[in-house]
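Student: Below you will find the structure I want to go over with you.
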Amino acid sequence: MLECFTTRNSTNQSIPIKPLNKSQFEGWLLQQSEPLKNWIQSSGFKLKSGAFALLPGMSGNLEAVIVGVPEHSDIWCLAGMPSRLPSGDYHIESDWSVDYFQRTAIGWGAGAYAYHRYREKQSHTLARLSLDEPCDIHYIENLVSSIYLTRDLINTPAGDMLPTQLAAEFAQLAHDHDATFTQFVGDELLKENYPAVHAVGRASVDAPRLLEFTWGRANDPKLTLVGKGVCFDSGGLDIKPATGMRFMKKDMGGAAHVMGLARMIMTAKLPVRLRVLVPAVENAIAGNAFRPGDILSSRKGLSIEIDNTDAE
């Protein structure tokens with residue numbers, strides 16, 4: 001189970017979180033004891049979406065939490081809480097539907113995300129949300145884990161996520177779900193008639209490639225996902241300025257998203273015949289880079305005149 005979630009049992013003490021919108025807060029406050037009313041007033045708590053107050057018990061321990069939520073349903077209403085609440089186990093005390101609770105739990109999980117690859121993990125332990133029946137724990141964890149995969153891929157700098165590394169992540173995903181993986185690398189792209197993919201990535205020291213996997217039964221409905229895998233985009237010979245180049249590690253975000261979505265689909269064992277395609281390249285600068293004014297042939301047979309190499 002992800003570290004931001006738990007399940008309630010007889011051995012753990014779970015603290016209730018009471019979500020309140022503006023129309024509920026006044027009525028709730030009238031029902032509280034005078035000491036608790038004074039505590040809320042003296043703490044300066046103002047009800048707004050995402051704001052919360054820690055409510056002490058008679059012995060001074062943390063007894064409950066109130067949190068402001070919007071009048072309408074919002075998946076992100078508790079997303080800021082996992083890293084801001086004191087460490088411990090919490091459960092939502094409300095009349096929410098199962099569907100709304102599950103969507104809010106996904107927001108909680110997404111809000112707990114942190115990228116730790118290049119630094120020591122912080123000592124603060126995340127607050128954990130209790131996932132109990134009748135909610136679908138596997139559904140929630142599948143979506144949150146797939147979001148984490150997507151964000152990890154995008155956050156990894158290009159020095160550690162060029163086409164070779166992206167291909168390794170792609171192949172591992174295929175292997176984990178018994179999908180059939182293939183790739184065409186470098187000049188193999190020309191032999192297999194992917195000239196445009198080759199042209200964009202041929203100037204890089206890390207060869208361009210087309211990644212593909214298929215999963216599912218052949219007679220199920222076909223679903224194809226295609227994601228842009230430009231692992232770094234210098235702009236090519238139409239080079240970007242430094243400010244425009246700073247976050248080009250994220251230019252493979254399309255690839256990351258289809259990989260995260262594919263993970264969701266395969267983990268949920270949806271009845272589809274899934275095909276995932278990612279052209280993985282670095283748009284770099286070298287003597288063999290494609291140039292403004294060059295005319296390329298596409299796989300479809302169309303001729304493409306290059307006006308700007310930063311529009312790969």
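Labeling convention for the structure tokens: chains A, B, ... as they appear, residues from 1 per chain, ligands from 1 in order of appearance.
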Would you kindly return, as a ChimeraX atom specification, each protein, DNA or RNA residue with an atom no farther than 9 Å from any atom of range 209-214 of chain A, considering only C-alpha atoms and excluding same-chain residues fewer than 2 positions away?
Tutor: /A:163-164,167,170-171,174,179-189,194,197-198,201,207,216,273-281
Student: Write the residues of the preceding selection, restricted to N, CA, C and O atoms, as a compact mmCIF listing (two decimals), in the first residue's frame.
Tutor:
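After the write, result23.txt holds the following:
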```txt
# COMPACT_ATOMS: atom_id res chain seq x y z
N PRO A 163 16.52 8.95 -24.92
CA PRO A 163 15.78 7.84 -25.53
C PRO A 163 16.13 6.45 -24.99
O PRO A 163 15.24 5.61 -24.83
N THR A 164 17.40 6.21 -24.68
CA THR A 164 17.78 4.89 -24.16
C THR A 164 17.08 4.61 -22.83
O THR A 164 16.54 3.52 -22.61
N ALA A 167 13.33 4.23 -23.23
CA ALA A 167 13.04 2.91 -23.77
C ALA A 167 13.11 1.84 -22.68
O ALA A 167 12.31 0.90 -22.66
N PHE A 170 9.97 2.07 -20.66
CA PHE A 170 8.88 1.58 -21.50
C PHE A 170 8.89 0.05 -21.55
O PHE A 170 7.86 -0.61 -21.40
N ALA A 171 10.09 -0.52 -21.75
CA ALA A 171 10.22 -1.98 -21.80
C ALA A 171 9.88 -2.62 -20.46
O ALA A 171 9.27 -3.69 -20.41
N ALA A 174 6.16 -2.75 -20.07
CA ALA A 174 5.63 -3.85 -20.88
C ALA A 174 5.89 -5.20 -20.21
O ALA A 174 5.01 -6.06 -20.14
N ALA A 179 3.21 -7.58 -21.69
CA ALA A 179 2.94 -7.01 -23.01
C ALA A 179 4.10 -7.34 -23.95
O ALA A 179 5.22 -7.63 -23.51
N THR A 180 3.84 -7.28 -25.23
CA THR A 180 4.86 -7.58 -26.24
C THR A 180 5.53 -6.28 -26.67
O THR A 180 4.89 -5.38 -27.22
N PHE A 181 6.84 -6.18 -26.42
CA PHE A 181 7.60 -4.95 -26.65
C PHE A 181 8.49 -5.09 -27.87
O PHE A 181 9.15 -6.11 -28.06
N THR A 182 8.52 -4.05 -28.70
CA THR A 182 9.47 -3.96 -29.81
C THR A 182 9.97 -2.52 -29.91
O THR A 182 9.31 -1.58 -29.45
N GLN A 183 11.15 -2.35 -30.53
CA GLN A 183 11.64 -1.01 -30.81
C GLN A 183 12.50 -1.04 -32.07
O GLN A 183 13.13 -2.04 -32.39
N PHE A 184 12.49 0.09 -32.77
CA PHE A 184 13.36 0.30 -33.93
C PHE A 184 14.29 1.45 -33.57
O PHE A 184 13.83 2.53 -33.20
N VAL A 185 15.60 1.20 -33.69
CA VAL A 185 16.61 2.14 -33.20
C VAL A 185 17.48 2.63 -34.35
O VAL A 185 17.92 1.84 -35.20
N GLY A 186 17.78 3.93 -34.33
CA GLY A 186 18.72 4.49 -35.29
C GLY A 186 18.28 4.28 -36.73
O GLY A 186 17.15 4.57 -37.11
N ASP A 187 19.20 3.75 -37.56
CA ASP A 187 18.91 3.57 -38.98
C ASP A 187 17.85 2.51 -39.25
O ASP A 187 17.33 2.43 -40.38
N GLU A 188 17.50 1.71 -38.24
CA GLU A 188 16.38 0.79 -38.40
C GLU A 188 15.09 1.55 -38.70
O GLU A 188 14.19 1.03 -39.37
N LEU A 189 15.00 2.78 -38.22
CA LEU A 189 13.82 3.61 -38.49
C LEU A 189 13.65 3.85 -39.98
O LEU A 189 12.53 3.90 -40.49
N TYR A 194 10.20 5.05 -41.02
CA TYR A 194 9.88 6.12 -40.07
C TYR A 194 10.90 7.24 -40.26
O TYR A 194 11.67 7.58 -39.36
N VAL A 197 10.79 10.54 -37.77
CA VAL A 197 11.30 10.27 -36.42
C VAL A 197 12.83 10.25 -36.45
O VAL A 197 13.50 10.83 -35.59
N HIS A 198 13.37 9.59 -37.46
CA HIS A 198 14.83 9.52 -37.61
C HIS A 198 15.43 10.90 -37.78
O HIS A 198 16.45 11.25 -37.16
N GLY A 201 15.71 13.04 -34.54
CA GLY A 201 16.63 12.58 -33.50
C GLY A 201 18.01 12.19 -33.97
O GLY A 201 18.86 11.83 -33.14
N ALA A 207 20.64 7.54 -29.93
CA ALA A 207 19.92 7.29 -31.18
C ALA A 207 18.41 7.40 -31.01
O ALA A 207 17.86 6.97 -29.99
N GLY A 216 -3.19 -7.39 -24.32
CA GLY A 216 -4.60 -7.73 -24.34
C GLY A 216 -4.93 -8.75 -25.41
O GLY A 216 -4.09 -9.13 -26.23
N ARG A 273 -7.70 -4.33 -26.59
CA ARG A 273 -6.45 -4.68 -27.25
C ARG A 273 -5.66 -3.39 -27.34
O ARG A 273 -5.93 -2.52 -28.18
N LEU A 274 -4.69 -3.23 -26.45
CA LEU A 274 -3.97 -1.97 -26.28
C LEU A 274 -2.68 -1.96 -27.10
O LEU A 274 -1.91 -2.92 -27.08
N ARG A 275 -2.46 -0.86 -27.79
CA ARG A 275 -1.22 -0.63 -28.51
C ARG A 275 -0.69 0.73 -28.09
O ARG A 275 -1.43 1.72 -28.11
N VAL A 276 0.57 0.78 -27.68
CA VAL A 276 1.18 2.04 -27.23
C VAL A 276 2.39 2.32 -28.11
O VAL A 276 3.26 1.47 -28.29
N LEU A 277 2.45 3.54 -28.66
CA LEU A 277 3.53 3.97 -29.53
C LEU A 277 4.17 5.24 -28.98
O LEU A 277 3.46 6.20 -28.65
N VAL A 278 5.49 5.23 -28.88
CA VAL A 278 6.23 6.41 -28.43
C VAL A 278 7.45 6.60 -29.33
O VAL A 278 8.36 5.77 -29.33
N PRO A 279 7.48 7.67 -30.15
CA PRO A 279 8.71 8.03 -30.82
C PRO A 279 9.62 8.75 -29.82
O PRO A 279 9.26 9.82 -29.32
N ALA A 280 10.77 8.16 -29.50
CA ALA A 280 11.66 8.68 -28.47
C ALA A 280 12.90 9.27 -29.13
O ALA A 280 13.67 8.53 -29.77
N VAL A 281 13.09 10.57 -28.98
CA VAL A 281 14.19 11.26 -29.65
C VAL A 281 14.71 12.38 -28.75
O VAL A 281 14.04 12.81 -27.82
```
Student: Could you jot down the CA of Ala127 in chain A to CA of Trp96 in chain A separation for me, Å, one decimal place?
Tutor: 20.6 Å
Student: Could you check which of A:Leu190, A:Val67, A:Cys135, A:Ala79 is closest to Ser97 in chain A, using only C-alpha atoms?
Tutor: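 Comparing A:Leu190, A:Val67, A:Cys135, A:Ala79 against Ser97 in chain A, the winner is A:Cys135.
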Student: Report the distance between CA of His257 in chain A and CA of Leu173 in chain A in Å, rounded to one decimal place.
Tutor: 13.0 Å
Student: Point out the residue among A:Glu141, A:Glu282, A:Asp95, A:Glu305 with the least atom-to-atom distance to Gln165 in chain A, counting only C-alpha atoms.
Tutor: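 When distances to Gln165 in chain A are compared using only C-alpha atoms, the smallest one comes from A:Glu282.
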Student: Could you name the residues that touch range 49-61 of chain A at 10 Å or less, counting only C-alpha atoms, but leaving out those on the same chain fewer than 2 positions away, as a ChimeraX atom specification?
Tutor: /A:17-22,35-36,39-40,43-47,63-71,74,76-81,84-86
Student: The selected residues should be written to file as an mmCIF file, in the first residue's frame (atoms: N, CA and C atoms).
Tutor:
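The resulting file, again05.cif, is reproduced below:
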```cif
data_model
loop_
_atom_site.group_PDB
_atom_site.id
_atom_site.type_symbol
_atom_site.label_atom_id
_atom_site.label_comp_id
_atom_site.auth_asym_id
_atom_site.auth_seq_id
_atom_site.Cartn_x
_atom_site.Cartn_y
_atom_site.Cartn_z
ATOM 1 N N ILE A 17 -11.343 13.424 10.127
ATOM 2 C CA ILE A 17 -11.305 14.692 9.400
ATOM 3 C C ILE A 17 -12.741 15.028 9.017
ATOM 4 N N LYS A 18 -13.208 16.187 9.458
ATOM 5 C CA LYS A 18 -14.572 16.611 9.180
ATOM 6 C C LYS A 18 -14.549 17.678 8.095
ATOM 7 N N PRO A 19 -14.933 17.360 6.857
ATOM 8 C CA PRO A 19 -14.986 18.377 5.798
ATOM 9 C C PRO A 19 -16.258 19.213 5.931
ATOM 10 N N LEU A 20 -16.099 20.522 5.853
ATOM 11 C CA LEU A 20 -17.225 21.437 6.022
ATOM 12 C C LEU A 20 -17.177 22.517 4.940
ATOM 13 N N ASN A 21 -18.310 22.758 4.286
ATOM 14 C CA ASN A 21 -18.393 23.917 3.409
ATOM 15 C C ASN A 21 -18.999 25.085 4.186
ATOM 16 N N LYS A 22 -19.101 26.239 3.567
ATOM 17 C CA LYS A 22 -19.545 27.434 4.283
ATOM 18 C C LYS A 22 -20.953 27.292 4.843
ATOM 19 N N PRO A 35 -15.414 25.808 25.143
ATOM 20 C CA PRO A 35 -13.943 25.783 25.016
ATOM 21 C C PRO A 35 -13.476 25.552 23.576
ATOM 22 N N LEU A 36 -14.194 24.669 22.844
ATOM 23 C CA LEU A 36 -13.780 24.394 21.475
ATOM 24 C C LEU A 36 -14.048 25.604 20.575
ATOM 25 N N TRP A 39 -11.345 27.998 21.178
ATOM 26 C CA TRP A 39 -10.104 27.525 20.570
ATOM 27 C C TRP A 39 -10.070 27.887 19.072
ATOM 28 N N ILE A 40 -11.155 27.614 18.381
ATOM 29 C CA ILE A 40 -11.212 27.897 16.942
ATOM 30 C C ILE A 40 -11.079 29.401 16.689
ATOM 31 N N SER A 43 -7.495 30.652 17.481
ATOM 32 C CA SER A 43 -6.483 30.163 16.525
ATOM 33 C C SER A 43 -6.510 30.942 15.219
ATOM 34 N N GLY A 44 -7.537 31.800 15.036
ATOM 35 C CA GLY A 44 -7.636 32.596 13.822
ATOM 36 C C GLY A 44 -8.124 31.826 12.610
ATOM 37 N N PHE A 45 -8.752 30.674 12.839
ATOM 38 C CA PHE A 45 -9.207 29.853 11.727
ATOM 39 C C PHE A 45 -10.320 30.553 10.947
ATOM 40 N N LYS A 46 -10.164 30.629 9.646
ATOM 41 C CA LYS A 46 -11.181 31.144 8.745
ATOM 42 C C LYS A 46 -11.515 30.048 7.741
ATOM 43 N N LEU A 47 -12.773 29.733 7.624
ATOM 44 C CA LEU A 47 -13.166 28.642 6.734
ATOM 45 C C LEU A 47 -13.009 29.050 5.270
ATOM 46 N N GLU A 63 -7.616 15.427 18.609
ATOM 47 C CA GLU A 63 -8.838 14.628 18.617
ATOM 48 C C GLU A 63 -9.538 14.605 17.258
ATOM 49 N N ALA A 64 -9.434 15.685 16.495
ATOM 50 C CA ALA A 64 -10.119 15.755 15.204
ATOM 51 C C ALA A 64 -9.528 16.897 14.380
ATOM 52 N N VAL A 65 -9.913 16.934 13.131
ATOM 53 C CA VAL A 65 -9.494 17.994 12.204
ATOM 54 C C VAL A 65 -10.728 18.457 11.448
ATOM 55 N N ILE A 66 -10.900 19.756 11.330
ATOM 56 C CA ILE A 66 -11.924 20.270 10.425
ATOM 57 C C ILE A 66 -11.203 20.900 9.234
ATOM 58 N N VAL A 67 -11.802 20.772 8.057
ATOM 59 C CA VAL A 67 -11.186 21.320 6.845
ATOM 60 C C VAL A 67 -12.259 21.942 5.970
ATOM 61 N N GLY A 68 -11.952 23.088 5.403
ATOM 62 C CA GLY A 68 -12.886 23.746 4.500
ATOM 63 C C GLY A 68 -12.876 23.108 3.126
ATOM 64 N N VAL A 69 -14.061 22.877 2.591
ATOM 65 C CA VAL A 69 -14.195 22.318 1.247
ATOM 66 C C VAL A 69 -15.185 23.184 0.475
ATOM 67 N N PRO A 70 -15.125 23.202 -0.844
ATOM 68 C CA PRO A 70 -16.062 24.006 -1.637
ATOM 69 C C PRO A 70 -17.465 23.417 -1.616
ATOM 70 N N GLU A 71 -18.430 24.198 -2.008
ATOM 71 C CA GLU A 71 -19.816 23.741 -2.051
ATOM 72 C C GLU A 71 -20.001 22.612 -3.064
ATOM 73 N N ASP A 74 -14.968 18.500 -5.439
ATOM 74 C CA ASP A 74 -13.653 18.920 -5.914
ATOM 75 C C ASP A 74 -12.640 17.849 -5.534
ATOM 76 N N TRP A 76 -9.583 17.915 -5.555
ATOM 77 C CA TRP A 76 -8.370 18.434 -4.920
ATOM 78 C C TRP A 76 -8.619 19.016 -3.534
ATOM 79 N N CYS A 77 -9.800 18.872 -2.978
ATOM 80 C CA CYS A 77 -10.131 19.604 -1.744
ATOM 81 C C CYS A 77 -9.272 19.186 -0.552
ATOM 82 N N LEU A 78 -8.709 17.968 -0.554
ATOM 83 C CA LEU A 78 -7.848 17.524 0.547
ATOM 84 C C LEU A 78 -6.413 17.275 0.096
ATOM 85 N N ALA A 79 -6.081 17.695 -1.131
ATOM 86 C CA ALA A 79 -4.783 17.341 -1.703
ATOM 87 C C ALA A 79 -3.604 17.950 -0.960
ATOM 88 N N GLY A 80 -3.823 19.067 -0.279
ATOM 89 C CA GLY A 80 -2.721 19.701 0.432
ATOM 90 C C GLY A 80 -2.452 19.138 1.809
ATOM 91 N N MET A 81 -3.259 18.202 2.278
ATOM 92 C CA MET A 81 -3.188 17.781 3.668
ATOM 93 C C MET A 81 -2.143 16.719 3.997
ATOM 94 N N ARG A 84 0.950 18.359 5.302
ATOM 95 C CA ARG A 84 0.773 19.459 6.242
ATOM 96 C C ARG A 84 0.203 19.016 7.591
ATOM 97 N N LEU A 85 -0.501 17.919 7.601
ATOM 98 C CA LEU A 85 -1.029 17.410 8.860
ATOM 99 C C LEU A 85 0.074 16.728 9.669
ATOM 100 N N PRO A 86 -0.072 16.682 10.989
ATOM 101 C CA PRO A 86 0.867 15.880 11.786
ATOM 102 C C PRO A 86 0.821 14.414 11.339
#
```
Student: What are the closest atom pairs, with distances in Å to one decimal, for each residue of range 107-131 of chain A lying within 12 Å of range 142-158 of chain A, using only C-alpha atoms, rows by chain and rising residue number, as JSON lines?
Tutor:
```
{"residue": "A:Gly107", "atom": "CA", "partner": "A:Val144", "partner_atom": "CA", "distance": 8.3}
{"residue": "A:Trp108", "atom": "CA", "partner": "A:Val144", "partner_atom": "CA", "distance": 9.0}
{"residue": "A:Gly109", "atom": "CA", "partner": "A:Val144", "partner_atom": "CA", "distance": 5.9}
{"residue": "A:Ala110", "atom": "CA", "partner": "A:Val144", "partner_atom": "CA", "distance": 6.1}
{"residue": "A:Gly111", "atom": "CA", "partner": "A:Val144", "partner_atom": "CA", "distance": 9.7}
{"residue": "A:Ala112", "atom": "CA", "partner": "A:Val144", "partner_atom": "CA", "distance": 9.6}
{"residue": "A:Tyr113", "atom": "CA", "partner": "A:Tyr148", "partner_atom": "CA", "distance": 6.8}
{"residue": "A:Ala114", "atom": "CA", "partner": "A:Tyr148", "partner_atom": "CA", "distance": 8.7}
{"residue": "A:Tyr115", "atom": "CA", "partner": "A:Asp152", "partner_atom": "CA", "distance": 6.8}
{"residue": "A:His116", "atom": "CA", "partner": "A:Asp152", "partner_atom": "CA", "distance": 9.3}
{"residue": "A:Arg117", "atom": "CA", "partner": "A:Thr156", "partner_atom": "CA", "distance": 8.2}
{"residue": "A:Tyr118", "atom": "CA", "partner": "A:Thr156", "partner_atom": "CA", "distance": 9.4}
```
Student: May I have the residues from that selection written out with C-alpha atoms, as a CSV table (one decimal), in the first residue's frame?
Tutor:
```csv
chain,number,residue,atom,x,y,z
A,107,GLY,CA,-6.6,13.8,-4.9
A,108,TRP,CA,-5.1,13.1,-1.5
A,109,GLY,CA,-2.7,10.6,-3.1
A,110,ALA,CA,-1.7,12.9,-5.9
A,111,GLY,CA,-1.1,15.7,-3.3
A,112,ALA,CA,1.3,13.3,-1.4
A,113,TYR,CA,3.6,13.0,-4.4
A,114,ALA,CA,7.2,14.0,-4.0
A,115,TYR,CA,10.2,13.4,-6.2
A,116,HIS,CA,13.2,12.2,-4.2
A,117,ARG,CA,15.6,10.7,-6.8
A,118,TYR,CA,18.4,13.2,-6.2
```
Student: May I have all residues of range 51-198 of chain A that DSSP, computed from the backbone, assigns to helix (DSSP H, G or I), given as a PyMOL selection string?
Tutor: chain A and resi 98-111+137-155+158-160+163-176+188-191+195-198
Student: Please identify the strand (DSSP E) residues within range 145-287 of chain A (assignment by DSSP from backbone atoms) and present them as a compact mmCIF listing (two decimals) with N, CA and C atoms, in the first residue's frame.
Tutor:
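Everything below was put into selection.txt:
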```
# COMPACT_ATOMS: atom_id res chain seq x y z
N THR A 180 3.84 -7.28 -25.23
CA THR A 180 4.86 -7.58 -26.24
C THR A 180 5.53 -6.28 -26.67
N PHE A 181 6.84 -6.18 -26.42
CA PHE A 181 7.60 -4.95 -26.65
C PHE A 181 8.49 -5.09 -27.87
N THR A 182 8.52 -4.05 -28.70
CA THR A 182 9.47 -3.96 -29.81
C THR A 182 9.97 -2.52 -29.91
N GLN A 183 11.15 -2.35 -30.53
CA GLN A 183 11.64 -1.01 -30.81
C GLN A 183 12.50 -1.04 -32.07
N PHE A 184 12.49 0.09 -32.77
CA PHE A 184 13.36 0.30 -33.93
C PHE A 184 14.29 1.45 -33.57
N VAL A 185 15.60 1.20 -33.69
CA VAL A 185 16.61 2.14 -33.20
C VAL A 185 17.48 2.63 -34.35
N ARG A 209 14.48 6.42 -31.66
CA ARG A 209 13.86 5.09 -31.72
C ARG A 209 12.35 5.21 -31.68
N LEU A 210 11.70 4.19 -32.17
CA LEU A 210 10.25 4.07 -32.04
C LEU A 210 9.98 2.91 -31.10
N LEU A 211 9.24 3.18 -30.03
CA LEU A 211 8.91 2.19 -29.02
C LEU A 211 7.47 1.75 -29.21
N GLU A 212 7.22 0.47 -29.03
CA GLU A 212 5.86 -0.05 -29.20
C GLU A 212 5.65 -1.24 -28.28
N PHE A 213 4.49 -1.31 -27.66
CA PHE A 213 4.08 -2.58 -27.07
C PHE A 213 2.59 -2.81 -27.30
N THR A 214 2.22 -4.07 -27.30
CA THR A 214 0.81 -4.46 -27.44
C THR A 214 0.45 -5.35 -26.28
N TRP A 215 -0.81 -5.24 -25.86
CA TRP A 215 -1.28 -5.97 -24.69
C TRP A 215 -2.75 -6.28 -24.86
N LYS A 222 -9.98 -2.39 -30.09
CA LYS A 222 -8.61 -1.87 -30.22
C LYS A 222 -8.52 -0.44 -29.69
N LEU A 223 -7.47 -0.19 -28.94
CA LEU A 223 -7.18 1.13 -28.40
C LEU A 223 -5.70 1.41 -28.62
N THR A 224 -5.40 2.50 -29.32
CA THR A 224 -4.01 2.89 -29.56
C THR A 224 -3.72 4.21 -28.89
N LEU A 225 -2.63 4.26 -28.13
CA LEU A 225 -2.17 5.47 -27.48
C LEU A 225 -0.83 5.87 -28.08
N VAL A 226 -0.69 7.14 -28.45
CA VAL A 226 0.55 7.65 -29.03
C VAL A 226 1.00 8.85 -28.21
N GLY A 229 7.63 11.69 -27.42
CA GLY A 229 8.76 11.37 -26.55
C GLY A 229 10.01 12.17 -26.90
N VAL A 230 9.89 13.49 -27.03
CA VAL A 230 11.07 14.32 -27.25
C VAL A 230 11.73 14.54 -25.89
N CYS A 231 12.76 13.75 -25.61
CA CYS A 231 13.34 13.72 -24.27
C CYS A 231 14.02 15.03 -23.91
N PHE A 232 14.52 15.73 -24.91
CA PHE A 232 14.99 17.10 -24.71
C PHE A 232 14.89 17.81 -26.04
N ASP A 233 14.43 19.06 -26.00
CA ASP A 233 14.22 19.81 -27.24
C ASP A 233 15.04 21.09 -27.19
N ARG A 273 -7.70 -4.33 -26.59
CA ARG A 273 -6.45 -4.68 -27.25
C ARG A 273 -5.66 -3.39 -27.34
N LEU A 274 -4.69 -3.23 -26.45
CA LEU A 274 -3.97 -1.97 -26.28
C LEU A 274 -2.68 -1.96 -27.10
N ARG A 275 -2.46 -0.86 -27.79
CA ARG A 275 -1.22 -0.63 -28.51
C ARG A 275 -0.69 0.73 -28.09
N VAL A 276 0.57 0.78 -27.68
CA VAL A 276 1.18 2.04 -27.23
C VAL A 276 2.39 2.32 -28.11
N LEU A 277 2.45 3.54 -28.66
CA LEU A 277 3.53 3.97 -29.53
C LEU A 277 4.17 5.24 -28.98
N VAL A 278 5.49 5.23 -28.88
CA VAL A 278 6.23 6.41 -28.43
C VAL A 278 7.45 6.60 -29.33
N PRO A 279 7.48 7.67 -30.15
CA PRO A 279 8.71 8.03 -30.82
C PRO A 279 9.62 8.75 -29.82
N ALA A 280 10.77 8.16 -29.50
CA ALA A 280 11.66 8.68 -28.47
C ALA A 280 12.90 9.27 -29.13
N VAL A 281 13.09 10.57 -28.98
CA VAL A 281 14.19 11.26 -29.65
C VAL A 281 14.71 12.38 -28.75
N GLU A 282 15.92 12.84 -29.08
CA GLU A 282 16.40 14.13 -28.56
C GLU A 282 16.59 15.04 -29.77
N ASN A 283 15.97 16.20 -29.76
CA ASN A 283 16.13 17.16 -30.83
C ASN A 283 17.38 17.98 -30.52
```
Student: What is the CA of Gly287 in chain A-CA of Lys300 in chain A distance in Å, reported with one decimal?
Tutor: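 Answer for the CA of Gly287 in chain A to CA of Lys300 in chain A separation: 27.0 Å.
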Student: Using only C-alpha atoms for the distances, tell me which of A:Met264, A:Ile285, A:Ala168, A:Val205 is nearest to His138 in chain A.
Tutor: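 That would be A:Met264, the residue with the smallest distance to His138 in chain A.
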Student: Under the rule that only C-alpha atoms are counted, which of A:Cys4, A:Ala218, A:Leu270, A:Ala255 is the nearest residue to Gly88 in chain A?
Tutor: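 With only C-alpha atoms as the atom set, the closest residue is A:Cys4.
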Student: I want to know what sits within 6 Å of Pro16 in chain A, based on only C-alpha atoms, with residues of the same chain fewer than 4 positions away left out; could you give that as a PDB file with all heavy atoms, in the first residue's frame?
Tutor:
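Once written, selection-v5.pdb looks like this:
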```
ATOM      1  N   ALA A  64      -9.434  15.685  16.495  1.00  0.00           N
ATOM      2  CA  ALA A  64     -10.119  15.755  15.204  1.00  0.00           C
ATOM      3  C   ALA A  64      -9.528  16.897  14.380  1.00  0.00           C
ATOM      4  O   ALA A  64      -8.755  17.722  14.889  1.00  0.00           O
ATOM      5  CB  ALA A  64     -11.620  15.961  15.394  1.00  0.00           C
ATOM      6  N   TYR A  90      -5.679   9.012   9.517  1.00  0.00           N
ATOM      7  CA  TYR A  90      -6.878   9.835   9.501  1.00  0.00           C
ATOM      8  C   TYR A  90      -7.971   9.144   8.690  1.00  0.00           C
ATOM      9  O   TYR A  90      -7.679   8.357   7.785  1.00  0.00           O
ATOM     10  CB  TYR A  90      -6.578  11.202   8.877  1.00  0.00           C
ATOM     11  CG  TYR A  90      -5.563  12.019   9.643  1.00  0.00           C
ATOM     12  CD1 TYR A  90      -4.197  11.805   9.481  1.00  0.00           C
ATOM     13  CD2 TYR A  90      -5.970  13.011  10.532  1.00  0.00           C
ATOM     14  CE1 TYR A  90      -3.267  12.550  10.187  1.00  0.00           C
ATOM     15  CE2 TYR A  90      -5.042  13.769  11.242  1.00  0.00           C
ATOM     16  CZ  TYR A  90      -3.691  13.525  11.069  1.00  0.00           C
ATOM     17  OH  TYR A  90      -2.777  14.264  11.775  1.00  0.00           O
ATOM     18  N   HIS A  91      -9.215   9.449   9.014  1.00  0.00           N
ATOM     19  CA  HIS A  91     -10.329   8.997   8.190  1.00  0.00           C
ATOM     20  C   HIS A  91     -11.304  10.163   7.991  1.00  0.00           C
ATOM     21  O   HIS A  91     -11.354  11.091   8.809  1.00  0.00           O
ATOM     22  CB  HIS A  91     -11.055   7.801   8.820  1.00  0.00           C
ATOM     23  CG  HIS A  91     -11.744   8.113  10.117  1.00  0.00           C
ATOM     24  ND1 HIS A  91     -11.106   8.046  11.341  1.00  0.00           N
ATOM     25  CD2 HIS A  91     -13.032   8.504  10.390  1.00  0.00           C
ATOM     26  CE1 HIS A  91     -11.946   8.372  12.308  1.00  0.00           C
ATOM     27  NE2 HIS A  91     -13.125   8.658  11.753  1.00  0.00           N
ATOM     28  N   ILE A  92     -12.025  10.126   6.893  1.00  0.00           N
ATOM     29  CA  ILE A  92     -12.983  11.186   6.583  1.00  0.00           C
ATOM     30  C   ILE A  92     -14.318  10.861   7.238  1.00  0.00           C
ATOM     31  O   ILE A  92     -14.864   9.772   7.057  1.00  0.00           O
ATOM     32  CB  ILE A  92     -13.148  11.337   5.061  1.00  0.00           C
ATOM     33  CG1 ILE A  92     -11.826  11.781   4.432  1.00  0.00           C
ATOM     34  CG2 ILE A  92     -14.243  12.347   4.728  1.00  0.00           C
ATOM     35  CD1 ILE A  92     -11.838  11.835   2.930  1.00  0.00           C
ATOM     36  N   GLU A  93     -14.820  11.814   7.984  1.00  0.00           N
ATOM     37  CA  GLU A  93     -16.099  11.652   8.681  1.00  0.00           C
ATOM     38  C   GLU A  93     -17.120  12.543   7.990  1.00  0.00           C
ATOM     39  O   GLU A  93     -17.180  13.753   8.233  1.00  0.00           O
ATOM     40  CB  GLU A  93     -15.931  12.050  10.150  1.00  0.00           C
ATOM     41  CG  GLU A  93     -17.100  11.718  11.037  1.00  0.00           C
ATOM     42  CD  GLU A  93     -16.792  12.054  12.489  1.00  0.00           C
ATOM     43  OE1 GLU A  93     -17.056  13.210  12.906  1.00  0.00           O
ATOM     44  OE2 GLU A  93     -16.273  11.175  13.198  1.00  0.00           O
TER      45      GLU A  93
END
```
Student: Counting only C-alpha atoms, which residue out of A:Asn288, A:Thr243, A:Ser204, A:Thr125 sits closest to Phe5 in chain A?
Tutor: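 Among the listed residues, the smallest separation from Phe5 in chain A belongs to A:Thr125.
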Student: Which polymer residues have any atom within 12 Å of an atom of Gly301 in chain A, counting only C-alpha atoms, with same-chain residues fewer than 5 positions away left out, as a PyMOL selection string?
Tutor: chain A and resi 193-196+296
Student: Using only N, CA and C atoms, please write the residues we just selected to a file, as a tab-separated table (two decimals), in the first residue's frame.
Tutor:
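The new file out.tsv reads:
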```tsv
chain	number	residue	atom	x	y	z
A	193	ASN	N	10.61	2.56	-42.45
A	193	ASN	CA	9.84	3.67	-43.00
A	193	ASN	C	9.29	4.61	-41.91
A	194	TYR	N	10.20	5.05	-41.02
A	194	TYR	CA	9.88	6.12	-40.07
A	194	TYR	C	10.90	7.24	-40.26
A	195	PRO	N	10.92	7.86	-41.46
A	195	PRO	CA	11.98	8.83	-41.75
A	195	PRO	C	11.91	10.11	-40.92
A	196	ALA	N	10.72	10.57	-40.58
A	196	ALA	CA	10.60	11.82	-39.83
A	196	ALA	C	11.10	11.66	-38.40
A	296	LEU	N	11.60	16.68	-46.11
A	296	LEU	CA	11.62	15.30	-45.65
A	296	LEU	C	10.40	14.56	-46.20
```
